[in-house]
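Novice: File protein17.txt follows (compact mmCIF, all heavy atoms):
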```txt
# COMPACT_ATOMS: atom_id res chain seq x y z
N MET A 1 146.86 79.14 213.94
CA MET A 1 147.20 79.43 212.56
C MET A 1 146.36 78.58 211.62
O MET A 1 145.90 79.07 210.60
CB MET A 1 148.69 79.18 212.34
CG MET A 1 149.13 79.43 210.92
SD MET A 1 149.26 81.14 210.47
CE MET A 1 150.91 81.46 210.99
N SER A 2 146.16 77.32 211.96
CA SER A 2 145.40 76.45 211.05
C SER A 2 143.97 76.92 210.89
O SER A 2 143.37 76.72 209.83
CB SER A 2 145.45 75.00 211.52
OG SER A 2 144.81 74.88 212.77
N THR A 3 143.41 77.56 211.90
CA THR A 3 142.04 78.08 211.79
C THR A 3 141.99 79.19 210.73
O THR A 3 141.04 79.25 209.95
CB THR A 3 141.56 78.64 213.14
OG1 THR A 3 141.64 77.60 214.11
CG2 THR A 3 140.15 79.14 213.06
N VAL A 4 142.99 80.02 210.69
CA VAL A 4 143.05 81.08 209.68
C VAL A 4 143.11 80.45 208.30
O VAL A 4 142.38 80.85 207.39
CB VAL A 4 144.28 82.00 209.91
CG1 VAL A 4 144.46 82.97 208.77
CG2 VAL A 4 144.15 82.73 211.23
N ILE A 5 143.95 79.46 208.12
CA ILE A 5 144.09 78.79 206.83
C ILE A 5 142.79 78.08 206.47
O ILE A 5 142.34 78.16 205.32
CB ILE A 5 145.27 77.81 206.85
CG1 ILE A 5 146.58 78.60 206.99
CG2 ILE A 5 145.29 76.94 205.59
CD1 ILE A 5 147.81 77.75 207.21
N GLU A 6 142.17 77.43 207.42
CA GLU A 6 140.89 76.76 207.15
C GLU A 6 139.83 77.77 206.72
O GLU A 6 139.06 77.50 205.79
CB GLU A 6 140.41 76.01 208.40
CG GLU A 6 141.23 74.78 208.71
CD GLU A 6 140.90 74.19 210.07
OE1 GLU A 6 139.99 74.70 210.76
OE2 GLU A 6 141.56 73.21 210.44
N ASN A 7 139.79 78.92 207.38
CA ASN A 7 138.82 79.96 207.01
C ASN A 7 139.09 80.50 205.60
O ASN A 7 138.16 80.71 204.82
CB ASN A 7 138.84 81.11 208.02
CG ASN A 7 138.23 80.73 209.34
OD1 ASN A 7 137.47 79.78 209.43
ND2 ASN A 7 138.56 81.47 210.37
N LEU A 8 140.36 80.70 205.28
CA LEU A 8 140.70 81.19 203.94
C LEU A 8 140.33 80.16 202.88
O LEU A 8 139.80 80.51 201.82
CB LEU A 8 142.19 81.52 203.86
CG LEU A 8 142.64 82.78 204.58
CD1 LEU A 8 144.17 82.86 204.63
CD2 LEU A 8 142.08 84.02 203.90
N LEU A 9 140.61 78.89 203.15
CA LEU A 9 140.27 77.84 202.19
C LEU A 9 138.76 77.71 202.01
O LEU A 9 138.28 77.51 200.89
CB LEU A 9 140.87 76.50 202.62
CG LEU A 9 142.40 76.42 202.51
CD1 LEU A 9 142.90 75.11 203.13
CD2 LEU A 9 142.86 76.54 201.07
N SER A 10 138.02 77.86 203.10
CA SER A 10 136.57 77.81 203.02
C SER A 10 136.04 78.97 202.19
O SER A 10 135.17 78.79 201.32
CB SER A 10 135.97 77.85 204.43
OG SER A 10 134.58 77.94 204.37
N ARG A 11 136.56 80.15 202.45
CA ARG A 11 136.16 81.33 201.69
C ARG A 11 136.52 81.18 200.21
O ARG A 11 135.75 81.54 199.32
CB ARG A 11 136.83 82.58 202.28
CG ARG A 11 136.48 83.85 201.58
CD ARG A 11 135.04 84.26 201.83
NE ARG A 11 134.75 85.49 201.12
CZ ARG A 11 133.65 85.70 200.41
NH1 ARG A 11 132.72 84.78 200.34
NH2 ARG A 11 133.47 86.83 199.77
N LYS A 12 137.70 80.61 199.96
CA LYS A 12 138.14 80.40 198.58
C LYS A 12 137.17 79.47 197.85
O LYS A 12 136.79 79.73 196.71
CB LYS A 12 139.55 79.82 198.57
CG LYS A 12 140.11 79.59 197.20
CD LYS A 12 141.54 79.07 197.26
CE LYS A 12 142.06 78.79 195.88
NZ LYS A 12 143.46 78.35 195.90
N GLN A 13 136.76 78.40 198.51
CA GLN A 13 135.82 77.45 197.90
C GLN A 13 134.51 78.14 197.56
O GLN A 13 133.96 77.95 196.47
CB GLN A 13 135.58 76.26 198.83
CG GLN A 13 134.63 75.24 198.28
CD GLN A 13 135.11 74.61 196.98
OE1 GLN A 13 136.28 74.35 196.81
NE2 GLN A 13 134.18 74.37 196.06
N LYS A 14 134.01 78.96 198.47
CA LYS A 14 132.76 79.68 198.21
C LYS A 14 132.90 80.64 197.03
O LYS A 14 131.99 80.76 196.21
CB LYS A 14 132.32 80.43 199.46
CG LYS A 14 131.85 79.52 200.58
CD LYS A 14 131.54 80.30 201.83
CE LYS A 14 131.22 79.35 202.98
NZ LYS A 14 131.03 80.07 204.24
N LEU A 15 134.05 81.31 196.96
CA LEU A 15 134.26 82.24 195.86
C LEU A 15 134.35 81.51 194.52
O LEU A 15 133.83 81.99 193.51
CB LEU A 15 135.54 83.06 196.10
CG LEU A 15 135.46 84.11 197.19
CD1 LEU A 15 136.84 84.69 197.48
CD2 LEU A 15 134.49 85.21 196.80
N VAL A 16 135.00 80.35 194.51
CA VAL A 16 135.09 79.56 193.28
C VAL A 16 133.68 79.15 192.83
O VAL A 16 133.36 79.22 191.64
CB VAL A 16 136.00 78.32 193.48
CG1 VAL A 16 135.88 77.35 192.33
CG2 VAL A 16 137.45 78.76 193.66
N GLU A 17 132.86 78.73 193.77
CA GLU A 17 131.48 78.36 193.43
C GLU A 17 130.71 79.55 192.88
O GLU A 17 129.96 79.43 191.92
CB GLU A 17 130.78 77.77 194.66
CG GLU A 17 131.33 76.43 195.08
CD GLU A 17 130.82 75.96 196.43
OE1 GLU A 17 129.98 76.66 197.05
OE2 GLU A 17 131.28 74.90 196.89
N GLN A 18 130.90 80.72 193.49
CA GLN A 18 130.23 81.93 193.02
C GLN A 18 130.74 82.32 191.63
O GLN A 18 129.98 82.77 190.78
CB GLN A 18 130.45 83.09 193.98
CG GLN A 18 129.73 82.93 195.30
CD GLN A 18 130.06 84.06 196.27
OE1 GLN A 18 130.71 85.04 195.92
NE2 GLN A 18 129.62 83.91 197.51
N LEU A 19 132.04 82.13 191.42
CA LEU A 19 132.64 82.47 190.13
C LEU A 19 132.05 81.63 189.01
O LEU A 19 131.82 82.13 187.90
CB LEU A 19 134.15 82.29 190.21
CG LEU A 19 134.99 82.74 189.02
CD1 LEU A 19 134.79 84.23 188.77
CD2 LEU A 19 136.45 82.44 189.27
N GLU A 20 131.78 80.37 189.30
CA GLU A 20 131.19 79.48 188.30
C GLU A 20 129.79 79.95 187.88
O GLU A 20 129.36 79.71 186.76
CB GLU A 20 131.11 78.05 188.82
CG GLU A 20 132.47 77.40 188.99
CD GLU A 20 132.41 76.07 189.71
OE1 GLU A 20 131.32 75.67 190.19
OE2 GLU A 20 133.46 75.41 189.80
N LYS A 21 129.09 80.64 188.79
CA LYS A 21 127.72 81.10 188.53
C LYS A 21 127.65 82.55 188.09
O LYS A 21 126.58 83.00 187.68
CB LYS A 21 126.87 80.91 189.79
CG LYS A 21 126.76 79.47 190.24
CD LYS A 21 126.04 79.38 191.57
CE LYS A 21 126.04 77.97 192.11
NZ LYS A 21 125.44 77.88 193.43
N ALA A 22 128.77 83.27 188.20
CA ALA A 22 128.76 84.71 187.90
C ALA A 22 128.44 84.95 186.44
O ALA A 22 128.94 84.27 185.55
CB ALA A 22 130.12 85.32 188.25
N ARG A 23 127.57 85.92 186.22
CA ARG A 23 127.14 86.23 184.85
C ARG A 23 127.80 87.49 184.30
O ARG A 23 128.15 87.53 183.13
CB ARG A 23 125.62 86.38 184.81
CG ARG A 23 124.90 85.11 185.21
CD ARG A 23 123.42 85.23 184.94
NE ARG A 23 122.70 84.08 185.45
CZ ARG A 23 122.38 83.03 184.72
NH1 ARG A 23 122.73 82.99 183.46
NH2 ARG A 23 121.72 82.02 185.25
N SER A 24 127.97 88.48 185.13
CA SER A 24 128.52 89.74 184.62
C SER A 24 130.04 89.77 184.74
O SER A 24 130.64 89.12 185.60
CB SER A 24 127.91 90.94 185.36
OG SER A 24 128.42 91.01 186.67
N VAL A 25 130.64 90.55 183.87
CA VAL A 25 132.09 90.72 183.88
C VAL A 25 132.53 91.36 185.20
O VAL A 25 133.55 90.98 185.78
CB VAL A 25 132.55 91.57 182.68
CG1 VAL A 25 134.03 91.90 182.75
CG2 VAL A 25 132.23 90.86 181.37
N GLU A 26 131.73 92.29 185.69
CA GLU A 26 132.07 92.98 186.94
C GLU A 26 132.09 92.00 188.11
O GLU A 26 132.98 92.06 188.95
CB GLU A 26 131.07 94.11 187.22
CG GLU A 26 131.15 95.26 186.25
CD GLU A 26 130.35 95.03 184.97
OE1 GLU A 26 129.60 94.02 184.87
OE2 GLU A 26 130.50 95.85 184.05
N ASP A 27 131.12 91.11 188.17
CA ASP A 27 131.09 90.12 189.24
C ASP A 27 132.28 89.19 189.14
O ASP A 27 132.92 88.87 190.15
CB ASP A 27 129.79 89.29 189.18
CG ASP A 27 128.58 90.06 189.68
OD1 ASP A 27 128.76 91.11 190.34
OD2 ASP A 27 127.45 89.61 189.41
N ARG A 28 132.60 88.75 187.93
CA ARG A 28 133.74 87.85 187.74
C ARG A 28 135.04 88.55 188.16
O ARG A 28 135.87 87.96 188.84
CB ARG A 28 133.84 87.38 186.29
CG ARG A 28 132.70 86.45 185.89
CD ARG A 28 132.90 85.87 184.52
NE ARG A 28 134.07 85.02 184.42
CZ ARG A 28 134.14 83.77 184.83
NH1 ARG A 28 133.09 83.20 185.40
NH2 ARG A 28 135.25 83.08 184.70
N ASP A 29 135.19 89.81 187.77
CA ASP A 29 136.39 90.56 188.14
C ASP A 29 136.52 90.70 189.65
O ASP A 29 137.60 90.53 190.22
CB ASP A 29 136.39 91.94 187.49
CG ASP A 29 136.68 91.91 186.01
OD1 ASP A 29 137.13 90.86 185.49
OD2 ASP A 29 136.44 92.94 185.33
N ARG A 30 135.40 91.02 190.30
CA ARG A 30 135.40 91.19 191.76
C ARG A 30 135.77 89.87 192.44
O ARG A 30 136.61 89.84 193.36
CB ARG A 30 134.02 91.65 192.23
CG ARG A 30 133.88 91.83 193.73
CD ARG A 30 132.48 92.29 194.11
NE ARG A 30 131.43 91.42 193.59
CZ ARG A 30 131.05 90.27 194.15
NH1 ARG A 30 131.65 89.84 195.26
NH2 ARG A 30 130.07 89.55 193.64
N LEU A 31 135.18 88.78 191.99
CA LEU A 31 135.46 87.47 192.60
C LEU A 31 136.89 87.04 192.34
O LEU A 31 137.57 86.51 193.24
CB LEU A 31 134.47 86.43 192.06
CG LEU A 31 133.01 86.64 192.47
CD1 LEU A 31 132.09 85.75 191.63
CD2 LEU A 31 132.82 86.37 193.95
N GLU A 32 137.39 87.27 191.13
CA GLU A 32 138.77 86.91 190.81
C GLU A 32 139.75 87.72 191.65
O GLU A 32 140.78 87.20 192.09
CB GLU A 32 139.04 87.08 189.32
CG GLU A 32 138.36 86.01 188.48
CD GLU A 32 138.44 86.26 186.99
OE1 GLU A 32 138.92 87.34 186.57
OE2 GLU A 32 138.01 85.36 186.24
N ASN A 33 139.43 88.98 191.89
CA ASN A 33 140.27 89.82 192.73
C ASN A 33 140.33 89.28 194.15
O ASN A 33 141.39 89.21 194.77
CB ASN A 33 139.76 91.27 192.70
CG ASN A 33 140.66 92.21 193.45
OD1 ASN A 33 140.84 92.07 194.66
ND2 ASN A 33 141.19 93.18 192.75
N GLN A 34 139.17 88.89 194.68
CA GLN A 34 139.13 88.33 196.03
C GLN A 34 139.89 87.01 196.10
O GLN A 34 140.60 86.75 197.08
CB GLN A 34 137.68 88.14 196.47
CG GLN A 34 136.95 89.44 196.71
CD GLN A 34 135.50 89.24 197.11
OE1 GLN A 34 135.12 88.20 197.62
NE2 GLN A 34 134.67 90.25 196.87
N LEU A 35 139.77 86.19 195.07
CA LEU A 35 140.51 84.93 195.03
C LEU A 35 142.02 85.19 195.00
O LEU A 35 142.79 84.48 195.67
CB LEU A 35 140.11 84.09 193.81
CG LEU A 35 138.79 83.35 193.93
CD1 LEU A 35 138.36 82.80 192.57
CD2 LEU A 35 138.91 82.21 194.93
N GLU A 36 142.42 86.19 194.27
CA GLU A 36 143.84 86.54 194.20
C GLU A 36 144.35 86.96 195.58
O GLU A 36 145.45 86.58 195.99
CB GLU A 36 144.01 87.68 193.19
CG GLU A 36 145.42 87.88 192.71
CD GLU A 36 145.47 88.88 191.58
OE1 GLU A 36 144.74 88.71 190.60
OE2 GLU A 36 146.25 89.85 191.70
N GLN A 37 143.55 87.74 196.30
CA GLN A 37 143.95 88.16 197.64
C GLN A 37 144.06 86.97 198.59
O GLN A 37 144.99 86.90 199.40
CB GLN A 37 142.95 89.18 198.18
CG GLN A 37 142.98 90.51 197.46
CD GLN A 37 141.89 91.46 197.93
OE1 GLN A 37 141.00 91.09 198.68
NE2 GLN A 37 141.98 92.71 197.49
N ILE A 38 143.13 86.04 198.49
CA ILE A 38 143.17 84.86 199.34
C ILE A 38 144.40 84.01 199.00
O ILE A 38 145.09 83.52 199.90
CB ILE A 38 141.86 84.04 199.22
CG1 ILE A 38 140.73 84.80 199.92
CG2 ILE A 38 142.03 82.64 199.81
CD1 ILE A 38 139.36 84.19 199.75
N ASN A 39 144.67 83.84 197.72
CA ASN A 39 145.85 83.07 197.31
C ASN A 39 147.13 83.71 197.81
O ASN A 39 148.05 83.01 198.26
CB ASN A 39 145.88 82.90 195.79
CG ASN A 39 144.87 81.90 195.31
OD1 ASN A 39 144.49 80.98 196.02
ND2 ASN A 39 144.42 82.07 194.08
N THR A 40 147.20 85.03 197.77
CA THR A 40 148.37 85.74 198.29
C THR A 40 148.52 85.50 199.79
O THR A 40 149.62 85.23 200.28
CB THR A 40 148.26 87.24 197.99
OG1 THR A 40 148.19 87.43 196.58
CG2 THR A 40 149.44 88.01 198.56
N ALA A 41 147.42 85.58 200.51
CA ALA A 41 147.45 85.34 201.96
C ALA A 41 147.88 83.91 202.26
O ALA A 41 148.70 83.67 203.16
CB ALA A 41 146.09 85.62 202.58
N LEU A 42 147.35 82.95 201.51
CA LEU A 42 147.73 81.55 201.72
C LEU A 42 149.20 81.32 201.42
O LEU A 42 149.89 80.60 202.16
CB LEU A 42 146.85 80.63 200.87
CG LEU A 42 145.41 80.48 201.32
CD1 LEU A 42 144.59 79.77 200.25
CD2 LEU A 42 145.32 79.72 202.64
N ASP A 43 149.70 81.94 200.36
CA ASP A 43 151.13 81.82 200.04
C ASP A 43 151.98 82.39 201.16
O ASP A 43 152.99 81.81 201.54
CB ASP A 43 151.45 82.55 198.72
CG ASP A 43 150.91 81.84 197.50
OD1 ASP A 43 150.55 80.64 197.61
OD2 ASP A 43 150.83 82.47 196.44
N PHE A 44 151.56 83.54 201.68
CA PHE A 44 152.31 84.17 202.77
C PHE A 44 152.32 83.29 204.01
O PHE A 44 153.35 83.11 204.66
CB PHE A 44 151.69 85.54 203.09
CG PHE A 44 152.38 86.26 204.21
CD1 PHE A 44 153.58 86.90 204.01
CD2 PHE A 44 151.82 86.28 205.48
CE1 PHE A 44 154.23 87.56 205.04
CE2 PHE A 44 152.46 86.93 206.52
CZ PHE A 44 153.66 87.57 206.30
N LEU A 45 151.18 82.70 204.35
CA LEU A 45 151.09 81.86 205.55
C LEU A 45 151.82 80.54 205.38
O LEU A 45 152.22 79.92 206.36
CB LEU A 45 149.62 81.59 205.89
CG LEU A 45 148.83 82.81 206.36
CD1 LEU A 45 147.35 82.48 206.44
CD2 LEU A 45 149.35 83.29 207.70
N ASP A 46 152.02 80.11 204.13
CA ASP A 46 152.66 78.84 203.86
C ASP A 46 154.18 78.93 203.88
O ASP A 46 154.87 77.92 203.91
CB ASP A 46 152.20 78.32 202.49
CG ASP A 46 152.56 76.87 202.27
OD1 ASP A 46 152.46 76.09 203.23
OD2 ASP A 46 152.93 76.53 201.12
N ARG A 47 154.70 80.14 203.89
CA ARG A 47 156.15 80.33 203.91
C ARG A 47 156.72 79.86 205.24
O ARG A 47 156.12 80.08 206.29
CB ARG A 47 156.51 81.79 203.73
CG ARG A 47 156.24 82.32 202.37
CD ARG A 47 156.72 83.74 202.29
NE ARG A 47 156.23 84.34 201.05
CZ ARG A 47 156.16 85.63 200.84
NH1 ARG A 47 156.51 86.47 201.78
NH2 ARG A 47 155.72 86.10 199.70
N PRO A 48 157.89 79.23 205.19
CA PRO A 48 158.53 78.87 206.46
C PRO A 48 158.97 80.12 207.23
O PRO A 48 159.34 81.12 206.60
CB PRO A 48 159.72 78.02 206.04
CG PRO A 48 159.94 78.33 204.60
CD PRO A 48 158.65 78.83 204.04
N ALA A 49 158.92 80.03 208.52
CA ALA A 49 159.33 81.16 209.35
C ALA A 49 160.85 81.33 209.24
O ALA A 49 161.59 80.35 209.12
CB ALA A 49 158.95 80.91 210.80
N PRO A 50 161.34 82.57 209.28
CA PRO A 50 162.79 82.79 209.26
C PRO A 50 163.44 82.12 210.47
O PRO A 50 162.84 81.99 211.52
CB PRO A 50 162.93 84.31 209.37
CG PRO A 50 161.59 84.87 209.00
CD PRO A 50 160.58 83.81 209.30
N LYS A 51 164.67 81.68 210.28
CA LYS A 51 165.36 80.94 211.35
C LYS A 51 165.56 81.76 212.61
O LYS A 51 165.53 81.23 213.70
CB LYS A 51 166.73 80.44 210.84
CG LYS A 51 166.61 79.39 209.79
CD LYS A 51 167.95 78.91 209.33
CE LYS A 51 167.78 77.87 208.24
NZ LYS A 51 169.05 77.42 207.71
N ASP A 52 165.73 83.07 212.45
CA ASP A 52 165.95 83.89 213.64
C ASP A 52 164.67 84.49 214.20
O ASP A 52 164.71 85.31 215.11
CB ASP A 52 166.98 84.99 213.33
CG ASP A 52 166.53 85.87 212.18
OD1 ASP A 52 165.69 85.44 211.37
OD2 ASP A 52 167.03 87.01 212.08
N ALA A 53 163.52 84.10 213.68
CA ALA A 53 162.23 84.58 214.22
C ALA A 53 161.92 83.88 215.53
O ALA A 53 162.16 82.69 215.69
CB ALA A 53 161.10 84.33 213.23
N ARG A 54 161.40 84.65 216.49
CA ARG A 54 161.11 84.03 217.80
C ARG A 54 159.73 84.32 218.23
O ARG A 54 159.11 85.21 218.13
CB ARG A 54 162.10 84.54 218.82
CG ARG A 54 163.46 84.08 218.45
CD ARG A 54 164.48 84.60 219.41
NE ARG A 54 165.77 84.23 218.82
CZ ARG A 54 166.90 84.43 219.38
NH1 ARG A 54 166.98 84.97 220.55
NH2 ARG A 54 168.01 84.08 218.81
```
Please re-express this file's structure in structure tokens.

Specialist:
Amino acid sequence: MSTVIENLLSRKQKLVEQLEKARSVEDRDRLENQLEQINTALDFLDRPAPKDAR
């Protein structure tokens, strides 16, 4: 699981760097959308497992 989180965090860092350099509105929108998806995935993975999950 930590490898997945590490990969998402690495991808997030790259997207943030690209966002800082993005010139067009379309590029910024695309990058922000990808960042939003990564943040959603990280939030989902950070949730505690249900007590009855096995």

Novice: Quick one: distance from atom O of A:Arg30 to atom CB of A:Pro48 in Å, one decimal?

Specialist: 28.9 Å

Novice: Find the residues near stretch 34-39 of chain A: any atom within 4.5 Å, counting all atoms listed in the file, skip ones fewer than 5 places away on the same chain, and give them as a PyMOL selection string.

Specialist: chain A and resi 8+11-12+15-16+19

Novice: Name the residues in contact with A:Thr3 at a cut-off of 12 Å, using only C-alpha atoms, excluding same-chain residues fewer than 6 positions from it; report them as a PDB file with all heavy atoms, in the coordinates of the input.

Specialist:
```pdb
ATOM      1  N   LEU A   9     140.610  78.890 203.150  1.00  0.00           N
ATOM      2  CA  LEU A   9     140.270  77.840 202.190  1.00  0.00           C
ATOM      3  C   LEU A   9     138.760  77.710 202.010  1.00  0.00           C
ATOM      4  O   LEU A   9     138.280  77.510 200.890  1.00  0.00           O
ATOM      5  CB  LEU A   9     140.870  76.500 202.620  1.00  0.00           C
ATOM      6  CG  LEU A   9     142.400  76.420 202.510  1.00  0.00           C
ATOM      7  CD1 LEU A   9     142.900  75.110 203.130  1.00  0.00           C
ATOM      8  CD2 LEU A   9     142.860  76.540 201.070  1.00  0.00           C
ATOM      9  N   SER A  10     138.020  77.860 203.100  1.00  0.00           N
ATOM     10  CA  SER A  10     136.570  77.810 203.020  1.00  0.00           C
ATOM     11  C   SER A  10     136.040  78.970 202.190  1.00  0.00           C
ATOM     12  O   SER A  10     135.170  78.790 201.320  1.00  0.00           O
ATOM     13  CB  SER A  10     135.970  77.850 204.430  1.00  0.00           C
ATOM     14  OG  SER A  10     134.580  77.940 204.370  1.00  0.00           O
ATOM     15  N   LEU A  45     151.180  82.700 204.350  1.00  0.00           N
ATOM     16  CA  LEU A  45     151.090  81.860 205.550  1.00  0.00           C
ATOM     17  C   LEU A  45     151.820  80.540 205.380  1.00  0.00           C
ATOM     18  O   LEU A  45     152.220  79.920 206.360  1.00  0.00           O
ATOM     19  CB  LEU A  45     149.620  81.590 205.890  1.00  0.00           C
ATOM     20  CG  LEU A  45     148.830  82.810 206.360  1.00  0.00           C
ATOM     21  CD1 LEU A  45     147.350  82.480 206.440  1.00  0.00           C
ATOM     22  CD2 LEU A  45     149.350  83.290 207.700  1.00  0.00           C
TER      23      LEU A  45
END
```

Novice: Could you check how far atom CA of A:Asp29 sits from atom CA of A:Phe44, in Å to one decimal?

Specialist: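 About the pair atom CA of A:Asp29 and atom CA of A:Phe44: they are 22.5 Å apart.
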
Novice: The centre and edge lengths of an axis-aligned box containing all atoms of stretch 2-10 of chain A present in the file, extended by 3 Å on each side, are to be given in Å to one decimal, as lines of an AutoDock Vina configuration file.

Specialist:
```
center_x = 141.2
center_y = 78.6
center_z = 207.5
size_x = 19.2
size_y = 16.8
size_z = 19.2
```

Novice: Expressed in Å to a single decimal, how great is the separation between atom CA of A:Leu31 and atom CA of A:Gln18?

Specialist: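 One can read the atom CA of A:Leu31 to atom CA of A:Gln18 distance as 7.6 Å.
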
Novice: Determine which residues of chain A DSSP labels as helix (DSSP H, G or I) from the backbone of this structure, then write them out as JSON, numbers by chain.

Specialist: {"A": [2, 3, 4, 5, 6, 7, 8, 9, 10, 11, 12, 13, 14, 15, 16, 17, 18, 19, 20, 21, 25, 26, 27, 28, 29, 30, 31, 32, 33, 34, 35, 36, 37, 38, 39, 40, 41, 42, 43, 44, 45, 46]}

Novice: When you write stretch 2-9 of chain A out from the block above, keep all heavy atoms and present the result as a compact mmCIF listing (two decimals), in the first residue's frame, please.

Specialist:
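The resulting file, decode_25.txt, is reproduced below:
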```
# COMPACT_ATOMS: atom_id res chain seq x y z
N SER A 2 1.95 1.24 0.75
CA SER A 2 2.79 2.44 0.83
C SER A 2 3.40 2.77 -0.53
O SER A 2 3.64 3.94 -0.83
CB SER A 2 3.86 2.29 1.89
OG SER A 2 4.75 1.25 1.55
N THR A 3 3.65 1.77 -1.36
CA THR A 3 4.20 2.02 -2.69
C THR A 3 3.19 2.81 -3.53
O THR A 3 3.57 3.73 -4.26
CB THR A 3 4.54 0.71 -3.40
OG1 THR A 3 5.48 -0.01 -2.59
CG2 THR A 3 5.15 0.95 -4.76
N VAL A 4 1.93 2.47 -3.42
CA VAL A 4 0.89 3.19 -4.14
C VAL A 4 0.86 4.65 -3.69
O VAL A 4 0.83 5.57 -4.50
CB VAL A 4 -0.50 2.54 -3.93
CG1 VAL A 4 -1.61 3.39 -4.51
CG2 VAL A 4 -0.52 1.14 -4.51
N ILE A 5 0.91 4.87 -2.39
CA ILE A 5 0.89 6.22 -1.84
C ILE A 5 2.15 6.98 -2.27
O ILE A 5 2.06 8.15 -2.66
CB ILE A 5 0.74 6.19 -0.31
CG1 ILE A 5 -0.64 5.63 0.05
CG2 ILE A 5 0.95 7.57 0.29
CD1 ILE A 5 -0.84 5.36 1.52
N GLU A 6 3.28 6.32 -2.22
CA GLU A 6 4.52 6.97 -2.66
C GLU A 6 4.44 7.38 -4.13
O GLU A 6 4.87 8.47 -4.49
CB GLU A 6 5.71 6.04 -2.44
CG GLU A 6 6.07 5.85 -0.98
CD GLU A 6 7.09 4.74 -0.77
OE1 GLU A 6 7.56 4.15 -1.76
OE2 GLU A 6 7.40 4.47 0.40
N ASN A 7 3.89 6.50 -4.96
CA ASN A 7 3.75 6.82 -6.39
C ASN A 7 2.79 7.99 -6.60
O ASN A 7 3.06 8.87 -7.43
CB ASN A 7 3.25 5.60 -7.16
CG ASN A 7 4.31 4.54 -7.31
OD1 ASN A 7 5.50 4.80 -7.16
ND2 ASN A 7 3.89 3.32 -7.58
N LEU A 8 1.70 8.01 -5.86
CA LEU A 8 0.75 9.11 -5.98
C LEU A 8 1.38 10.43 -5.53
O LEU A 8 1.20 11.47 -6.19
CB LEU A 8 -0.51 8.84 -5.17
CG LEU A 8 -1.46 7.79 -5.74
CD1 LEU A 8 -2.54 7.43 -4.72
CD2 LEU A 8 -2.10 8.28 -7.02
N LEU A 9 2.13 10.39 -4.44
CA LEU A 9 2.78 11.61 -3.95
C LEU A 9 3.84 12.10 -4.93
O LEU A 9 3.99 13.31 -5.14
CB LEU A 9 3.39 11.37 -2.57
CG LEU A 9 2.38 11.20 -1.44
CD1 LEU A 9 3.09 10.80 -0.15
CD2 LEU A 9 1.56 12.46 -1.23
```
